[in-house]
>>> print(open('model_32.txt').read())   # compact mmCIF, C-alpha atoms
# COMPACT_ATOMS: atom_id res chain seq x y z
CA MET B 1 113.63 28.99 156.98
CA LYS B 2 116.25 29.15 159.74
CA ARG B 3 114.28 26.45 161.55
CA LYS B 4 114.18 24.23 158.47
CA LEU B 5 117.95 24.57 158.14
CA ALA B 6 118.28 23.54 161.79
CA TYR B 7 116.32 20.36 160.99
CA LEU B 8 118.58 19.76 158.01
CA GLY B 9 121.62 20.12 160.27
CA MET B 10 120.18 17.76 162.90
CA GLY B 11 119.48 15.26 160.12
CA ILE B 12 123.08 15.52 158.91
CA VAL B 13 124.37 14.76 162.43
CA PHE B 14 121.99 11.79 162.71
CA GLY B 15 122.84 10.34 159.29
CA PHE B 16 126.57 10.85 159.89
CA THR B 17 126.35 9.12 163.28
CA LEU B 18 124.37 6.14 161.92
CA SER B 19 126.93 5.70 159.16
CA ARG B 20 129.93 6.08 161.51
CA VAL B 21 128.85 3.44 164.03
CA GLY B 22 128.00 1.03 161.21
CA ALA B 23 124.22 1.08 161.77
CA SER B 24 123.90 1.43 158.01
CA GLN B 25 125.71 -1.88 157.41
CA TYR B 26 123.57 -4.90 156.64
CA ASP B 27 126.05 -7.10 158.52
CA LEU B 28 125.77 -5.28 161.85
CA ILE B 29 121.99 -5.69 161.90
CA TYR B 30 122.31 -9.33 160.84
CA THR B 31 124.92 -10.09 163.53
CA MET B 32 122.92 -8.23 166.20
CA PHE B 33 120.02 -10.61 165.55
CA THR B 34 122.19 -13.73 165.41
CA GLY B 35 123.95 -12.61 168.60
CA GLU B 36 127.40 -12.68 166.96
CA ASP B 37 128.07 -8.95 167.47
CA LEU B 38 125.95 -6.77 169.73
CA THR B 39 127.58 -3.43 168.77
CA LEU B 40 124.35 -2.03 167.42
CA ALA B 41 122.34 -3.06 170.47
CA TRP B 42 124.87 -1.19 172.62
CA VAL B 43 124.56 1.90 170.41
CA ILE B 44 120.77 1.86 170.88
CA ILE B 45 121.01 1.24 174.65
CA THR B 46 123.58 4.04 175.08
CA ALA B 47 121.33 6.37 173.04
CA ILE B 48 118.32 5.53 175.24
CA VAL B 49 120.26 6.10 178.48
CA THR B 50 121.83 9.34 177.22
CA GLY B 51 118.45 10.57 175.97
CA PHE B 52 116.80 9.62 179.27
CA ILE B 53 119.40 11.61 181.24
CA GLY B 54 119.27 14.52 178.78
CA LEU B 55 115.48 14.78 179.06
CA ARG B 56 115.72 14.56 182.86
CA VAL B 57 118.20 17.44 182.87
CA LEU B 58 115.88 19.49 180.64
CA ALA B 59 112.91 18.72 182.92
CA ALA B 60 114.92 19.52 186.08
CA THR B 61 116.03 22.88 184.68
CA GLY B 62 112.46 24.04 184.05
CA GLY B 63 111.42 21.97 181.02
CA ARG B 64 111.88 24.87 178.63
CA THR B 65 113.48 25.35 175.22
CA PHE B 66 116.45 27.70 174.75
CA ASP B 67 114.01 30.53 174.02
CA GLY B 68 111.85 29.86 177.06
CA LYS B 69 108.92 27.94 175.56
CA PRO B 70 107.58 24.93 177.47
CA ILE B 71 108.82 21.62 176.03
CA THR B 72 106.04 19.26 174.89
CA ILE B 73 107.02 15.59 175.04
CA SER B 74 105.25 13.69 172.27
CA LYS B 75 103.62 10.48 173.50
CA LYS B 76 102.30 7.68 171.31
CA PRO B 77 99.12 5.86 172.38
CA LEU B 78 99.27 2.26 173.64
CA GLY B 79 97.28 -0.42 171.81
CA TRP B 80 97.27 -3.72 169.97
CA THR B 81 98.62 -1.98 166.87
CA ASN B 82 102.00 -1.46 168.61
CA ALA B 83 102.40 -5.25 168.68
CA ALA B 84 100.84 -6.07 165.28
CA GLY B 85 102.68 -3.28 163.45
CA GLY B 86 105.82 -4.15 165.41
CA ALA B 87 105.73 -7.71 164.06
CA VAL B 88 105.35 -6.45 160.46
CA PHE B 89 108.17 -3.96 161.02
CA GLY B 90 110.43 -6.66 162.51
CA VAL B 91 110.11 -8.86 159.42
CA GLY B 92 110.99 -5.86 157.23
CA TRP B 93 113.95 -5.00 159.49
CA GLY B 94 115.31 -8.52 159.16
CA MET B 95 114.73 -8.69 155.40
CA ALA B 96 116.17 -5.31 154.43
CA GLY B 97 118.89 -5.12 157.09
CA ALA B 98 117.86 -1.52 157.56
CA CYS B 99 115.28 0.58 159.36
CA PRO B 100 113.56 3.74 158.09
CA GLY B 101 116.43 5.85 159.48
CA THR B 102 119.48 3.85 158.46
CA VAL B 103 118.26 3.35 154.88
CA LEU B 104 118.75 7.10 154.37
CA ALA B 105 122.38 6.86 155.51
CA GLN B 106 122.81 3.81 153.23
CA LEU B 107 121.51 5.86 150.34
CA GLY B 108 124.00 8.65 151.06
CA GLU B 109 126.82 6.10 151.25
CA GLY B 110 125.96 4.92 147.74
CA LYS B 111 124.36 1.56 148.48
CA VAL B 112 122.32 1.01 145.33
CA LEU B 113 119.98 -1.65 146.79
CA ALA B 114 118.91 0.88 149.44
CA VAL B 115 116.97 2.63 146.67
CA PHE B 116 114.63 -0.38 146.58
CA THR B 117 114.26 -0.40 150.37
CA LEU B 118 113.41 3.31 150.26
CA LEU B 119 110.83 2.86 147.49
CA GLY B 120 109.37 -0.02 149.50
CA ILE B 121 109.02 2.17 152.60
CA LEU B 122 107.22 4.83 150.55
CA ALA B 123 104.92 2.13 149.09
CA GLY B 124 104.26 0.69 152.56
CA THR B 125 103.44 4.13 153.94
CA PHE B 126 101.06 4.73 151.02
CA LEU B 127 99.46 1.32 151.59
CA TYR B 128 98.88 2.38 155.21
CA ALA B 129 97.19 5.59 154.05
CA LEU B 130 94.87 3.46 151.89
CA LEU B 131 94.16 1.01 154.72
CA VAL B 132 93.40 3.77 157.22
CA GLU B 133 90.89 5.21 154.76
CA ARG B 134 88.89 1.96 155.11
CA PHE B 135 89.77 1.05 158.70
CA PRO B 136 90.14 4.32 160.65
CA SER B 137 90.65 2.42 163.92
CA LEU B 138 94.18 1.53 162.70
CA ASP B 139 95.25 5.11 163.37
CA LEU B 140 95.56 5.19 167.13
CA GLU B 141 96.71 8.81 167.10
CA GLN B 142 93.46 9.93 165.49
CA ALA B 143 91.34 7.43 167.46
CA HIS B 144 92.83 8.88 170.63
CA ALA B 145 92.55 12.47 169.41
CA ALA B 146 90.59 13.42 172.52
CA GLY B 147 93.18 11.79 174.77
CA ALA B 148 96.05 13.44 172.92
CA THR B 149 95.53 16.82 174.53
CA ARG B 150 95.54 15.13 177.92
CA SER B 151 98.83 13.30 177.37
CA LYS B 152 100.32 16.51 175.99
CA ARG B 153 99.53 18.24 179.27
CA GLU B 154 101.09 15.37 181.21
CA GLY B 155 104.21 15.57 179.06
CA ALA B 156 104.63 19.29 179.68
CA MET S 1 146.69 16.42 168.50
CA ALA S 2 144.17 18.29 166.34
CA ALA S 3 144.95 15.99 163.45
CA SER S 4 144.32 12.86 165.51
CA VAL S 5 141.02 14.23 166.84
CA TYR S 6 139.98 14.99 163.26
CA HIS S 7 141.01 11.49 162.24
CA ALA S 8 139.04 9.82 165.07
CA LEU S 9 135.87 11.85 164.43
CA PHE S 10 135.76 12.20 160.66
CA VAL S 11 137.81 9.38 159.15
CA GLN S 12 137.70 6.38 161.49
CA PRO S 13 134.60 4.38 162.42
CA TRP S 14 133.13 5.39 165.80
CA PRO S 15 132.99 3.15 168.87
CA TRP S 16 129.47 2.20 169.95
CA TRP S 17 129.49 4.50 172.98
CA LEU S 18 130.26 7.58 170.88
CA GLY S 19 127.40 6.75 168.50
CA GLY S 20 124.98 6.22 171.39
CA LEU S 21 126.11 9.43 173.06
CA SER S 22 125.69 11.38 169.81
CA ILE S 23 122.13 10.07 169.22
CA GLY S 24 121.10 10.64 172.86
CA LEU S 25 122.42 14.21 172.77
CA LEU S 26 120.72 14.79 169.41
CA LEU S 27 117.40 13.69 170.93
CA THR S 28 117.93 16.17 173.77
CA ALA S 29 119.06 18.97 171.45
CA MET S 30 116.01 18.51 169.21
CA TYR S 31 113.76 19.14 172.21
CA TYR S 32 115.88 22.01 173.56
CA PHE S 33 116.30 23.89 170.29
CA LEU S 34 113.28 22.81 168.23
CA ASN S 35 110.78 21.37 170.76
CA THR S 36 110.53 18.34 168.47
CA ALA S 37 110.55 14.60 169.14
CA LEU S 38 113.18 12.54 167.30
CA SER S 39 111.17 10.82 164.56
CA VAL S 40 111.97 9.43 161.12
CA SER S 41 109.29 7.15 159.72
CA THR S 42 106.46 9.73 159.71
CA GLY S 43 108.74 11.71 157.39
CA TYR S 44 107.94 9.22 154.62
CA GLY S 45 104.37 10.51 154.86
CA SER S 46 105.75 14.03 154.37
CA ILE S 47 107.57 12.85 151.24
CA LEU S 48 104.34 11.27 149.93
CA ARG S 49 102.50 14.52 150.65
CA LEU S 50 105.16 16.37 148.69
CA LEU S 51 104.97 13.93 145.76
CA LEU S 52 101.15 13.66 145.76
CA PRO S 53 99.95 17.16 146.66
CA ARG S 54 96.45 16.47 145.33
CA SER S 55 95.83 13.20 147.11
CA ARG S 56 92.53 13.22 148.98
CA LEU S 57 93.51 10.40 151.33
CA ARG S 58 92.52 11.49 154.81
CA TRP S 59 95.79 10.44 156.45
CA LEU S 60 97.89 12.44 153.98
CA ASN S 61 95.73 15.46 154.76
CA GLY S 62 96.11 14.95 158.49
CA PRO S 63 97.72 17.20 161.11
CA ASN S 64 101.27 15.91 160.48
CA PHE S 65 101.28 17.10 156.88
CA THR S 66 99.69 20.54 156.81
CA ASP S 67 102.93 22.15 155.60
CA ARG S 68 103.85 20.92 152.11
CA TRP S 69 107.58 21.35 152.75
CA GLY S 70 107.36 20.13 156.33
CA TRP S 71 110.37 19.96 158.65
CA ARG S 72 110.52 16.18 158.23
CA VAL S 73 111.49 16.54 154.57
CA PHE S 74 114.53 18.59 155.63
CA PHE S 75 115.42 16.19 158.44
CA LEU S 76 115.30 13.15 156.14
CA ALA S 77 117.28 14.95 153.44
CA GLY S 78 119.89 15.82 156.06
CA MET S 79 120.23 12.15 156.95
CA VAL S 80 121.09 11.26 153.35
CA ILE S 81 123.68 14.08 153.29
CA GLY S 82 125.10 12.84 156.61
CA GLY S 83 125.57 9.34 155.18
CA TYR S 84 127.18 10.83 152.07
CA LEU S 85 129.62 12.96 154.08
CA SER S 86 130.53 10.03 156.30
CA ALA S 87 131.37 7.83 153.32
CA LEU S 88 133.20 10.66 151.56
CA LEU S 89 135.43 11.56 154.53
CA ALA S 90 136.17 7.90 155.30
CA GLY S 91 137.14 7.30 151.68
CA ALA S 92 134.60 4.49 151.41
CA ALA S 93 133.96 2.34 148.35
CA PRO S 94 132.14 3.86 145.32
CA PRO S 95 128.41 3.13 144.86
CA GLY S 96 127.63 -0.52 144.29
CA LEU S 97 125.20 -3.37 144.69
CA SER S 98 126.89 -4.92 147.73
CA MET S 99 124.74 -5.47 150.83
CA GLY S 100 127.18 -7.29 153.10
CA ARG S 101 126.65 -10.95 153.87
CA PHE S 102 123.32 -10.99 152.03
CA THR S 103 124.72 -10.27 148.57
CA ALA S 104 127.85 -12.31 149.40
CA ALA S 105 125.75 -15.44 150.01
CA VAL S 106 122.63 -14.96 147.87
CA HIS S 107 123.43 -14.90 144.15
CA TRP S 108 120.22 -13.58 142.67
CA PRO S 109 119.76 -11.38 139.61
CA VAL S 110 119.48 -7.67 140.39
CA ALA S 111 115.71 -7.67 139.77
CA ALA S 112 115.18 -10.38 142.41
CA LEU S 113 117.45 -8.56 144.88
CA GLY S 114 115.53 -5.36 144.22
CA LEU S 115 112.22 -7.12 144.84
CA TRP S 116 113.56 -8.57 148.11
CA PHE S 117 114.68 -5.18 149.45
CA PHE S 118 111.51 -3.49 148.14
CA THR S 119 109.40 -6.06 150.04
CA GLY S 120 111.48 -5.52 153.19
CA GLY S 121 110.96 -1.77 152.79
CA LEU S 122 107.22 -2.19 152.23
CA LEU S 123 106.91 -4.09 155.51
CA LEU S 124 109.04 -1.44 157.25
CA GLY S 125 106.79 1.35 155.98
CA LEU S 126 103.54 -0.43 156.76
CA GLY S 127 104.77 -1.74 160.12
CA SER S 128 106.08 1.68 161.19
CA ARG S 129 102.76 3.32 160.56
CA ILE S 130 100.64 0.59 162.18
CA SER S 131 102.92 0.39 165.24
CA GLY S 132 103.10 4.20 165.41
CA GLY S 133 106.85 4.66 164.98
CA CYS S 134 110.18 3.09 164.15
CA THR S 135 113.55 2.41 165.73
CA SER S 136 113.99 6.17 166.23
CA GLY S 137 110.56 7.25 167.41
CA HIS S 138 109.70 4.18 169.48
CA SER S 139 112.91 2.36 170.39
CA ILE S 140 115.03 5.44 171.12
CA HIS S 141 112.71 8.41 171.75
CA GLY S 142 109.90 6.37 173.31
CA LEU S 143 112.10 4.21 175.52
CA ALA S 144 114.10 7.26 176.69
CA ASN S 145 110.70 8.57 177.85
CA LEU S 146 109.69 5.20 179.35
CA HIS S 147 106.54 5.02 177.21
CA PRO S 148 104.77 1.61 177.48
CA SER S 149 103.62 1.71 173.82
CA SER S 150 107.24 2.02 172.72
CA LEU S 151 108.34 -0.91 174.87
CA LEU S 152 105.59 -3.08 173.39
CA ALA S 153 106.51 -2.06 169.82
CA THR S 154 110.25 -2.56 170.42
CA VAL S 155 109.77 -6.07 171.85
CA PHE S 156 107.93 -7.02 168.65
CA TYR S 157 110.49 -5.29 166.38
CA VAL S 158 113.33 -7.25 167.95
CA ALA S 159 111.50 -10.58 168.24
CA PHE S 160 110.36 -10.61 164.62
CA GLY S 161 113.66 -9.13 163.38
CA ALA S 162 115.55 -11.98 165.05
CA LEU S 163 113.09 -14.57 163.76
CA THR S 164 113.40 -13.25 160.20
CA VAL S 165 117.22 -13.17 160.26
CA HIS S 166 117.31 -16.75 161.54
CA LEU S 167 115.00 -17.83 158.70
CA VAL S 168 117.10 -15.93 156.13
CA ARG S 169 120.24 -17.57 157.50
CA ALA S 170 118.75 -21.08 157.43
CA LEU S 171 116.81 -20.90 154.16
CA LEU S 172 118.72 -18.46 151.92
CA MET S 173 122.29 -18.53 153.19
CA GLY S 174 122.55 -22.26 153.78
CA GLY S 175 123.05 -21.78 157.52
CA ALA S 176 126.27 -19.78 157.02
>>> encode(input="model_32.txt", output="structure tokens")
Amino acid sequence: MKRKLAYLGMGIVFGFTLSRVGASQYDLIYTMFTGEDLTLAWVIITAIVTGFIGLRVLAATGGRTFDGKPITISKKPLGWTNAAGGAVFGVGWGMAGACPGTVLAQLGEGKVLAVFTLLGILAGTFLYALLVERFPSLDLEQAHAAGATRSKREGA
Amino acid sequence: MAASVYHALFVQPWPWWLGGLSIGLLLTAMYYFLNTALSVSTGYGSILRLLLPRSRLRWLNGPNFTDRWGWRVFFLAGMVIGGYLSALLAGAAPPGLSMGRFTAAVHWPVAALGLWFFTGGLLLGLGSRISGGCTSGHSIHGLANLHPSSLLATVFYVAFGALTVHLVRALLMGGA
């Protein structure tokens, strides 16, 4: 239960941050893609660089959690689905002016139309579950199940 | 002094660098304290699992969703609370139908707007799952780890996001 509360707390920090930098505003996503205002691109780039350095520091200090367990870096398999799914995702990103993370902050802020985006994401996720039932090769994580243990070892 | 720090952190909007720093440190803290990769979109599978406990679909019975009240449900719920607190402390506008430039330029009935955002969401959900992640899991977590799959996904997110926004601008907003 303590762990679940920790996840809740981390989620609060994430949602608060997304809202504070304006990532939950339709306009900032729109203007990032038109090139008028690159604020959001800079947020993402700073997050990547900070995360890269943070993970390097963790690795350099023994790659262990605060209670001494080895950290396992999760790695997603490479394949054509990254590109195909990425294209589908991009169209949704441009249409909704939100991504699966920022829509949650939008919801908290009281943006009523975000309810529709959220229901759409749930429907799209369900549609994927139906598709994978028929076409198991769509699920790279399962298709690479044997390779997963290998990449886990590399990550550690 | 204390009052101005409070004001800058909890009332004012944040500069981009503070937001980036906060997300990068969160990514690091999630590994250090919880040994968990920053990830949002898979959490929608956790919510489906919670709503449809009897579903026999293989994916919903997969390794990510063994726990009915999985950690992802708490993480996603926290994100809604975070957005709520941010708006509350900033004294933001009450709930409404506004969605920035889109609703300012496109005068559709609510049902049509709802269908538009639902369709956008559907593509986000489907595209996340097929590509194996979203802006958090691929573009931030994956790129911070220099994963090739995340670079490939992110290039397509951005390319098709930009293409879509240009089409929306030209066709729905009259080039505004």
>>> residues_near_point(input="model_32.txt", point="(106.9, 8.4, 176.8)", cutoff="10 Å", atoms="all atoms listed in the file", output="PyMOL selection string")
(chain B and resi 73-77+151+155) or (chain S and resi 138+141-151)
>>> closest_residue(input="model_32.txt", among="S:Ser139, S:Thr42, S:Thr164, S:Ser86", to="Gly120 (chain S)", atoms="only C-alpha atoms")
S:Thr164
>>> residues_near_point(input="model_32.txt", point="(122.2, 21.5, 171.1)", cutoff="12 Å", atoms="all atoms listed in the file", output="list in words")
Ala6, Tyr7, Gly9, Met10, Val13, Gly54, Leu58, Thr65 and Phe66 of chain B; Ser22, Ile23, Gly24, Leu25, Leu26, Leu27, Thr28, Ala29, Met30, Tyr31, Tyr32, Phe33, Leu34 and Asn35 of chain S
>>> atom_distance(input="model_32.txt", atom1="CA of His107 (chain S)", atom2="CA of Leu167 (chain S)")
17.1 Å
>>> atom_distance(input="model_32.txt", atom1="CA of Met1 (chain B)", atom2="CA of Ile71 (chain B)")
21.0 Å
>>> residues_around(input="model_32.txt", residues="Ala93 (chain S)", least_positions_apart="5", cutoff="9 Å", atoms="only C-alpha atoms", output="PyMOL selection string")
(chain B and resi 109-110) or (chain S and resi 87-88)
>>> closest_residue(input="model_32.txt", among="B:Leu104, B:Val91, B:Ala143, B:Ile121", to="Ser19 (chain B)", atoms="only C-alpha atoms")
B:Leu104
